[in-house]
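Chemist: I'm passing along model.txt; it holds compact mmCIF, C-alpha atoms.
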# COMPACT_ATOMS: atom_id res chain seq x y z
CA MET G 258 82.16 98.30 105.70
CA THR G 259 80.27 96.65 102.86
CA LEU G 260 81.49 96.05 99.30
CA ARG G 261 79.33 98.96 98.10
CA LYS G 262 81.11 101.32 100.49
CA TYR G 263 84.54 100.18 99.33
CA LEU G 264 83.41 100.75 95.72
CA VAL G 265 82.30 104.28 96.63
CA LEU G 266 85.76 104.97 98.12
CA LEU G 267 87.31 103.51 94.95
CA ALA G 268 85.17 105.86 92.82
CA VAL G 269 86.39 108.83 94.91
CA VAL G 270 89.99 107.80 94.16
CA ALA G 271 89.43 107.15 90.43
CA PHE G 272 87.41 110.31 89.64
CA GLY G 273 89.70 112.51 91.77
CA ALA G 274 92.91 111.27 90.13
CA THR G 275 91.61 111.48 86.53
CA GLY G 276 89.97 114.87 87.14
CA ASP G 277 93.18 116.40 88.52
CA THR G 278 95.26 114.93 85.69
CA PHE G 279 92.98 116.31 82.94
CA LEU G 280 92.76 119.68 84.69
CA ALA G 281 96.55 119.99 85.04
CA ARG G 282 97.00 119.13 81.36
CA GLY G 283 94.36 121.65 80.30
CA MET G 284 95.83 124.46 82.41
CA LYS G 285 99.25 123.80 80.86
CA GLN G 286 97.67 124.47 77.45
CA VAL G 287 95.81 127.56 78.66
CA GLY G 288 98.97 129.12 80.11
CA SER G 289 99.51 131.74 82.82
CA ILE G 290 96.60 133.79 84.11
CA ASP G 291 97.39 137.24 85.58
CA VAL G 292 95.69 138.42 88.77
CA GLN G 293 94.54 141.51 86.79
CA HIS G 294 92.83 139.27 84.21
CA LEU G 295 90.88 136.79 86.33
CA PRO G 296 87.97 136.61 83.80
CA GLN G 297 90.44 134.63 81.66
CA LEU G 298 89.55 131.75 83.99
CA LEU G 299 86.18 131.52 82.23
CA HIS G 300 88.05 131.17 78.94
CA ALA G 301 89.98 128.26 80.49
CA LEU G 302 86.67 126.42 80.99
CA LEU G 303 86.37 126.14 77.17
CA ASN G 304 89.54 124.04 76.96
CA PRO G 305 88.50 120.39 76.28
CA TRP G 306 90.91 118.94 78.88
CA VAL G 307 89.65 121.36 81.53
CA PHE G 308 86.06 120.53 80.51
CA VAL G 309 86.60 116.75 80.80
CA GLY G 310 88.49 117.35 84.06
CA ILE G 311 85.52 119.24 85.49
CA PHE G 312 83.18 116.41 84.35
CA CYS G 313 85.36 113.88 86.22
CA LEU G 314 85.42 116.15 89.27
CA LEU G 315 81.59 116.17 89.25
CA GLY G 316 81.75 112.35 89.48
CA PHE G 317 84.29 112.80 92.27
CA MET G 318 81.94 115.21 94.06
CA TRP G 319 79.00 112.79 93.99
CA SER G 320 81.03 109.79 95.18
CA TYR G 321 82.76 111.96 97.82
CA MET G 322 79.38 113.14 99.14
CA THR G 323 78.17 109.53 99.24
CA ALA G 324 81.31 108.50 101.17
CA LEU G 325 80.83 111.35 103.67
CA SER G 326 77.23 110.22 104.20
CA PHE G 327 78.42 106.95 105.78
CA ALA G 328 81.90 107.76 107.12
CA ASP G 329 83.80 110.50 108.99
CA LEU G 330 85.81 113.15 107.13
CA THR G 331 88.93 112.00 109.02
CA PHE G 332 88.29 108.46 107.71
CA VAL G 333 87.46 109.32 104.08
CA LEU G 334 90.39 111.67 103.44
CA PRO G 335 93.28 109.37 104.49
CA ALA G 336 91.49 106.32 103.03
CA THR G 337 91.21 107.95 99.60
CA ALA G 338 94.84 109.17 99.66
CA VAL G 339 95.67 105.81 98.09
CA GLY G 340 95.02 107.64 94.79
CA TYR G 341 98.47 109.25 95.09
CA VAL G 342 100.00 105.76 95.32
CA VAL G 343 98.00 104.52 92.31
CA MET G 344 99.19 107.48 90.23
CA ALA G 345 102.83 106.93 91.26
CA LEU G 346 102.64 103.20 90.47
CA LEU G 347 100.96 103.93 87.11
CA GLY G 348 103.83 106.29 86.36
CA ARG G 349 106.37 103.59 87.32
CA PHE G 350 104.91 100.58 85.52
CA TRP G 351 102.97 102.18 82.64
CA LEU G 352 105.01 105.27 81.79
CA HIS G 353 108.31 103.73 83.00
CA GLU G 354 109.07 106.77 85.16
CA HIS G 355 111.81 106.59 87.76
CA ILE G 356 110.69 106.49 91.40
CA SER G 357 113.37 107.69 93.80
CA PRO G 358 113.89 106.05 97.23
CA LEU G 359 112.26 109.13 98.84
CA ARG G 360 109.14 108.62 96.71
CA TRP G 361 109.03 104.92 97.69
CA LEU G 362 109.21 106.10 101.31
CA GLY G 363 106.28 108.44 100.58
CA ILE G 364 104.30 105.53 99.10
CA ALA G 365 105.07 103.40 102.18
CA LEU G 366 103.91 106.21 104.51
CA ILE G 367 100.63 106.67 102.62
CA VAL G 368 99.97 102.91 102.57
CA GLY G 369 100.74 102.80 106.32
CA GLY G 370 98.38 105.73 106.97
CA VAL G 371 95.59 104.20 104.89
CA GLY G 372 96.06 100.84 106.66
CA LEU G 373 95.90 102.53 110.07
CA VAL G 374 92.72 104.47 109.37
CA ALA G 375 91.01 101.56 107.57
CA GLY G 376 91.58 99.34 110.63
CA GLY G 377 89.50 101.64 112.85
CA PRO G 378 85.81 102.57 112.92
CA SER G 379 84.58 104.61 109.96
CA ARG G 380 82.03 106.70 111.84
CA THR G 381 81.80 108.70 115.09
CA GLU G 382 78.35 108.22 116.56
CA HIS G 383 76.53 111.45 117.44
CA PRO G 384 73.10 111.67 119.06
CA GLY G 385 70.57 112.82 116.46
CA ASP G 386 72.44 111.54 113.43
CA SER G 387 70.16 110.79 110.46
CA SER G 388 72.17 107.74 109.51
CA SER G 389 70.79 104.56 110.99
CA GLU G 390 73.95 102.65 110.21
CA GLY G 391 77.23 103.44 111.93
CA GLY G 392 80.41 101.81 113.14
CA GLN G 393 82.48 99.75 110.77
CA MET N 1 106.13 138.94 94.11
CA ARG N 2 105.13 135.72 92.35
CA VAL N 3 106.27 133.68 95.38
CA LEU N 4 104.01 135.80 97.61
CA TYR N 5 101.06 135.31 95.24
CA THR N 6 101.69 131.55 95.24
CA TRP N 7 101.67 131.35 99.06
CA VAL N 8 98.53 133.49 99.23
CA CYS N 9 96.95 131.06 96.73
CA ILE N 10 98.08 128.08 98.84
CA ALA N 11 96.67 129.65 102.03
CA ILE N 12 93.33 130.46 100.36
CA THR N 13 93.17 126.99 98.76
CA VAL N 14 93.94 125.16 102.03
CA CYS N 15 91.54 127.21 104.20
CA ALA N 16 88.73 127.16 101.64
CA ALA N 17 89.17 123.41 100.99
CA ALA N 18 89.03 122.66 104.73
CA ALA N 19 85.93 124.85 105.20
CA GLY N 20 84.30 123.20 102.15
CA ASP N 21 85.02 119.69 103.42
CA VAL N 22 83.75 120.47 106.93
CA PHE N 23 80.49 121.99 105.61
CA LEU N 24 80.04 119.09 103.18
CA ALA N 25 80.66 116.49 105.90
CA LEU N 26 78.19 118.31 108.17
CA ALA N 27 75.55 118.35 105.43
CA MET N 28 76.01 114.66 104.58
CA ARG N 29 75.90 113.66 108.24
CA ARG N 30 72.56 115.49 108.60
CA ILE N 31 71.17 113.95 105.39
CA GLY N 32 72.23 110.38 106.25
CA ASP N 33 73.58 107.44 104.24
CA LEU N 34 72.68 108.19 100.60
CA GLY N 35 72.64 104.48 99.68
CA GLU N 36 70.19 103.59 102.45
CA LEU N 37 68.09 106.67 101.68
CA ARG N 38 67.88 105.73 97.99
CA LYS N 39 66.88 102.16 98.86
CA GLN N 40 64.12 103.31 101.20
CA HIS N 41 62.73 106.41 99.49
CA GLY N 42 64.09 106.45 95.93
CA PHE N 43 66.47 108.70 94.01
CA ARG N 44 64.11 111.68 93.90
CA ALA N 45 64.00 111.83 97.72
CA VAL N 46 67.80 111.70 97.83
CA LEU N 47 68.04 114.57 95.37
CA GLY N 48 65.45 116.57 97.29
CA ARG N 49 67.27 116.20 100.60
CA VAL N 50 70.67 116.94 99.05
CA LEU N 51 69.46 120.05 97.22
CA GLY N 52 67.57 121.25 100.30
CA SER N 53 70.69 121.39 102.47
CA SER N 54 72.08 124.89 103.09
CA ALA N 55 75.29 123.49 104.63
CA LEU N 56 75.90 121.65 101.36
CA PHE N 57 75.74 124.87 99.35
CA CYS N 58 78.11 126.57 101.84
CA GLY N 59 80.47 123.62 101.30
CA ILE N 60 80.20 123.89 97.52
CA PHE N 61 80.85 127.66 97.71
CA PHE N 62 84.09 127.16 99.67
CA MET N 63 85.10 124.29 97.39
CA ALA N 64 84.60 126.56 94.37
CA VAL N 65 86.82 129.20 96.04
CA ALA N 66 89.48 126.51 96.62
CA PHE N 67 89.10 125.26 93.03
CA PHE N 68 89.59 128.67 91.40
CA SER N 69 92.40 129.62 93.78
CA ASN N 70 94.12 126.32 92.91
CA LEU N 71 93.53 126.97 89.21
CA VAL N 72 95.16 130.41 89.45
CA GLY N 73 98.07 128.90 91.41
CA LEU N 74 98.52 126.12 88.83
CA SER N 75 98.54 128.65 85.99
CA TRP N 76 101.69 130.22 87.52
CA ALA N 77 103.32 126.81 86.95
CA ASP N 78 104.95 126.57 90.37
CA LEU N 79 103.58 123.04 90.54
CA THR N 80 106.41 121.65 92.69
CA LEU N 81 105.41 124.03 95.47
CA MET N 82 101.68 124.56 94.90
CA GLY N 83 100.68 120.89 94.59
CA PRO N 84 102.51 119.30 97.54
CA ALA N 85 102.01 122.20 99.95
CA SER N 86 98.26 122.54 99.41
CA ALA N 87 97.67 118.75 99.28
CA ALA N 88 99.65 117.99 102.45
CA LEU N 89 98.43 120.99 104.49
CA THR N 90 94.80 120.23 103.61
CA PHE N 91 95.00 116.86 105.44
CA VAL N 92 96.05 118.58 108.68
CA THR N 93 93.57 121.49 108.48
CA ASN N 94 90.76 119.05 107.66
CA ALA N 95 91.60 116.90 110.68
CA LEU N 96 91.60 120.04 112.88
CA GLY N 97 88.30 121.21 111.36
CA ALA N 98 86.71 117.78 111.81
CA LYS N 99 87.84 117.67 115.46
CA LEU N 100 86.78 121.25 116.31
CA PHE N 101 83.59 121.72 114.31
CA LEU N 102 82.28 118.21 113.59
CA HIS N 103 83.40 116.76 116.95
CA GLU N 104 84.70 113.66 115.21
CA ASN N 105 86.58 111.18 117.33
CA VAL N 106 90.04 111.97 115.97
CA ASP N 107 91.92 109.51 118.17
CA ARG N 108 95.66 108.79 118.18
CA ARG N 109 95.28 106.25 115.36
CA ARG N 110 93.64 108.84 113.05
CA TRP N 111 96.18 111.56 113.94
CA ILE N 112 99.06 109.19 113.17
CA ALA N 113 97.35 108.14 109.91
CA THR N 114 96.83 111.81 108.97
CA ILE N 115 100.48 112.68 109.69
CA PHE N 116 101.67 109.57 107.75
CA VAL N 117 99.55 110.49 104.72
CA CYS N 118 100.56 114.17 104.95
CA LEU N 119 104.28 113.30 105.00
CA GLY N 120 103.80 110.64 102.32
CA VAL N 121 102.05 113.06 99.97
CA LEU N 122 104.77 115.65 100.61
CA LEU N 123 107.53 113.14 99.77
CA LEU N 124 105.69 111.71 96.78
CA THR N 125 104.89 115.02 95.11
CA ARG N 126 107.97 117.01 96.16
CA SER N 127 110.81 114.58 95.39
Mind turning the file's structure into structure tokens?

Modeler:
Amino acid sequence: MTLRKYLVLLAVVAFGATGDTFLARGMKQVGSIDVQHLPQLLHALLNPWVFVGIFCLLGFMWSYMTALSFADLTFVLPATAVGYVVMALLGRFWLHEHISPLRWLGIALIVGGVGLVAGGPSRTEHPGDSSSEGGQ
Amino acid sequence: MRVLYTWVCIAITVCAAAAGDVFLALAMRRIGDLGELRKQHGFRAVLGRVLGSSALFCGIFFMAVAFFSNLVGLSWADLTLMGPASAALTFVTNALGAKLFLHENVDRRRWIATIFVCLGVLLLTRS
């Protein structure tokens, strides 16, 4: 794994976390949407938070596609789960939120999972792959 | 009734997200390392190969289904159920999809990592 590849994984984490946060905030403002009124979803797209969230998720999409071009899906997904930890730690140290012992256990499990997957190869070699570069 | 709707939303979100990820991973594996491709042939070639991939558009379609299903679920405000359940279940269904359809080498280390992350996300978002 090169520095560029770690930066791509970092971009997946950053864009994913910010996109979800903006989207959740926007949908809170939009309010409930009934199953009978699904076109209201288009109205939700006009909300500025939802709009910025979608913009961030486009950045997420591009970096995610780049990550999948050099690593397995079962490597990228656990490796980028570190975003949950970043959000929890931001909540603890920036917003002074309380983190219960169960949540600390959750953080430890995610860090353990990320450490496990990051220690192994990032790519399964298949005959006929376009990528010339594989392995770690 | 709302609980039923929420679980239907979770099921649609999880299945569609897994299908989207598997199609996307398949497309990107066929296209090759985007960084290397850009270095060798330039950005226009990258864009051409990405936009010419049918698997990619299948992936985007399923991701859009997952996105709107998630959006509907979030609008019902049952965040404490919707968020953790769909996030944690997606890790497992993706690992299964990657093993079955992409033939990735999901060895014991990756299964343990997936289960760790799945449980961690569940604890982090539920408690």

Chemist: List the spatial neighbours of Ala301 (chain G) as a PyMOL selection string - criterion: any atom at most 9 Å away, all atoms listed in the file, same-chain residues fewer than 6 positions off excluded.

Modeler: chain G and resi 283-284+287+307-308

Chemist: What's the 12 Å shell around region 268-274 of chain G, counting all atoms listed in the file, without same-chain residues fewer than 3 positions away, as a short mmCIF file (atom, residue, chain, number, x, y, z; two decimals) with C-alpha atoms, in the frame of the given file?

Modeler:
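The resulting selection_19.cif:
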data_model
loop_
_atom_site.label_atom_id
_atom_site.label_comp_id
_atom_site.auth_asym_id
_atom_site.auth_seq_id
_atom_site.Cartn_x
_atom_site.Cartn_y
_atom_site.Cartn_z
CA ARG G 261 79.33 98.96 98.10
CA LYS G 262 81.11 101.32 100.49
CA TYR G 263 84.54 100.18 99.33
CA LEU G 264 83.41 100.75 95.72
CA VAL G 265 82.30 104.28 96.63
CA ASP G 277 93.18 116.40 88.52
CA THR G 278 95.26 114.93 85.69
CA PHE G 279 92.98 116.31 82.94
CA LEU G 280 92.76 119.68 84.69
CA ALA G 281 96.55 119.99 85.04
CA VAL G 309 86.60 116.75 80.80
CA GLY G 310 88.49 117.35 84.06
CA ILE G 311 85.52 119.24 85.49
CA PHE G 312 83.18 116.41 84.35
CA CYS G 313 85.36 113.88 86.22
CA LEU G 314 85.42 116.15 89.27
CA LEU G 315 81.59 116.17 89.25
CA GLY G 316 81.75 112.35 89.48
CA PHE G 317 84.29 112.80 92.27
CA MET G 318 81.94 115.21 94.06
CA TRP G 319 79.00 112.79 93.99
CA SER G 320 81.03 109.79 95.18
CA TYR G 321 82.76 111.96 97.82
CA MET G 322 79.38 113.14 99.14
CA THR G 323 78.17 109.53 99.24
CA ALA G 324 81.31 108.50 101.17
CA LEU G 325 80.83 111.35 103.67
CA VAL G 333 87.46 109.32 104.08
CA LEU G 334 90.39 111.67 103.44
CA PRO G 335 93.28 109.37 104.49
CA ALA G 336 91.49 106.32 103.03
CA THR G 337 91.21 107.95 99.60
CA ALA G 338 94.84 109.17 99.66
CA VAL G 339 95.67 105.81 98.09
CA GLY G 340 95.02 107.64 94.79
CA TYR G 341 98.47 109.25 95.09
CA VAL G 342 100.00 105.76 95.32
CA VAL G 343 98.00 104.52 92.31
CA MET G 344 99.19 107.48 90.23
CA ALA G 345 102.83 106.93 91.26
CA LEU G 347 100.96 103.93 87.11
#

Chemist: Taking a cut-off of 6 Å and counting only C-alpha atoms, can you build a table that, for each residue of chain N near chain G, reports the nearest atom pair and how far apart they are in Å (one decimal), sorted by chain then residue number, as CSV?

Modeler:
residue,atom,partner,partner_atom,distance
N:Ala25,CA,G:Leu325,CA,5.6
N:Met28,CA,G:Ser326,CA,4.6
N:Arg29,CA,G:Ser326,CA,5.5
N:Arg30,CA,G:Ser387,CA,5.6
N:Gly32,CA,G:Ser388,CA,4.2
N:Asp33,CA,G:Ser326,CA,4.6
N:Leu34,CA,G:Thr323,CA,5.8
N:Ser75,CA,G:Ser289,CA,4.5
N:Trp76,CA,G:Ser289,CA,5.4
N:Ala95,CA,G:Thr331,CA,5.8
N:Glu104,CA,G:Thr381,CA,5.7
N:Asn105,CA,G:Thr381,CA,5.8
N:Arg110,CA,G:Val374,CA,5.8
N:Ala113,CA,G:Gly370,CA,3.9
N:Phe116,CA,G:Gly370,CA,5.1
N:Val117,CA,G:Ile367,CA,4.5
N:Gly120,CA,G:Gly363,CA,3.7
N:Leu123,CA,G:Gly363,CA,4.9
N:Leu124,CA,G:Arg360,CA,4.6

Chemist: Just the number, please: distance in Å from CA of Val65 (chain N) to CA of Thr13 (chain N), one decimal.

Modeler: 7.3 Å

Chemist: Skip Phe23 (chain N) itself and residues of its chain fewer than 6 positions away, then list as a compact mmCIF listing (two decimals) with C-alpha atoms, in the coordinates of the input all residues within 8 Å of it, counting all atoms listed in the file.

Modeler:
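Saved result, out_30.txt, follows:
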# COMPACT_ATOMS: atom_id res chain seq x y z
CA ALA N 55 75.29 123.49 104.63
CA LEU N 56 75.90 121.65 101.36
CA CYS N 58 78.11 126.57 101.84
CA GLY N 59 80.47 123.62 101.30

Chemist: Can you work out the spacing between CA of Arg49 (chain N) and CA of Ala17 (chain N) in Å, to one decimal?

Modeler: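 Computing it gives 23.1 Å between the two atoms.
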
Chemist: Which residues are close to Thr93 (chain N), i.e. within 12 Å by only C-alpha atoms, leaving aside same-chain residues fewer than 6 positions away? Reply as a list in words.

Modeler: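 My reading of the contact set: Leu330, Thr331 and Leu334 of chain G; Ala11, Thr13, Val14, Cys15, Ala16, Ala17, Ala18, Ala19, Gly20, Asp21, Val22, Ser86, Ala87, Lys99, Leu100, Phe101, Trp111, Thr114, Ile115 and Cys118 of chain N.
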
Chemist: Those residues you just picked out, can you put them in a file as an mmCIF file, in the frame of the given file with C-alpha atoms?

Modeler:
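File produced: result_29.cif:
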data_model
loop_
_atom_site.group_PDB
_atom_site.id
_atom_site.type_symbol
_atom_site.label_atom_id
_atom_site.label_comp_id
_atom_site.auth_asym_id
_atom_site.auth_seq_id
_atom_site.Cartn_x
_atom_site.Cartn_y
_atom_site.Cartn_z
ATOM 1 C CA LEU G 330 85.810 113.150 107.130
ATOM 2 C CA THR G 331 88.930 112.000 109.020
ATOM 3 C CA LEU G 334 90.390 111.670 103.440
ATOM 4 C CA ALA N 11 96.670 129.650 102.030
ATOM 5 C CA THR N 13 93.170 126.990 98.760
ATOM 6 C CA VAL N 14 93.940 125.160 102.030
ATOM 7 C CA CYS N 15 91.540 127.210 104.200
ATOM 8 C CA ALA N 16 88.730 127.160 101.640
ATOM 9 C CA ALA N 17 89.170 123.410 100.990
ATOM 10 C CA ALA N 18 89.030 122.660 104.730
ATOM 11 C CA ALA N 19 85.930 124.850 105.200
ATOM 12 C CA GLY N 20 84.300 123.200 102.150
ATOM 13 C CA ASP N 21 85.020 119.690 103.420
ATOM 14 C CA VAL N 22 83.750 120.470 106.930
ATOM 15 C CA SER N 86 98.260 122.540 99.410
ATOM 16 C CA ALA N 87 97.670 118.750 99.280
ATOM 17 C CA LYS N 99 87.840 117.670 115.460
ATOM 18 C CA LEU N 100 86.780 121.250 116.310
ATOM 19 C CA PHE N 101 83.590 121.720 114.310
ATOM 20 C CA TRP N 111 96.180 111.560 113.940
ATOM 21 C CA THR N 114 96.830 111.810 108.970
ATOM 22 C CA ILE N 115 100.480 112.680 109.690
ATOM 23 C CA CYS N 118 100.560 114.170 104.950
#

Chemist: So, counting only C-alpha atoms, which residue among N:Gly73, N:Arg44, N:Leu102, N:Leu119 is closest to Leu89 (chain N)?

Modeler: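 Looking only at the distances to Leu89 (chain N), the closest residue turns out to be N:Leu119.
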
Chemist: Box along x, y and z, 5 Å on every side, all listed atoms of region 359-368 of chain G inside: centre and edge lengths in Å to one decimal, as JSON.

Modeler:
{"center_x": 106.1, "center_y": 106.0, "center_z": 100.6, "size_x": 22.3, "size_y": 16.2, "size_z": 17.8}

Chemist: Report, in Å to a single decimal, how far apart CA of Thr275 (chain G) and CA of Asn304 (chain G) are.

Modeler: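 CA of Thr275 (chain G) lies 15.9 Å from CA of Asn304 (chain G).
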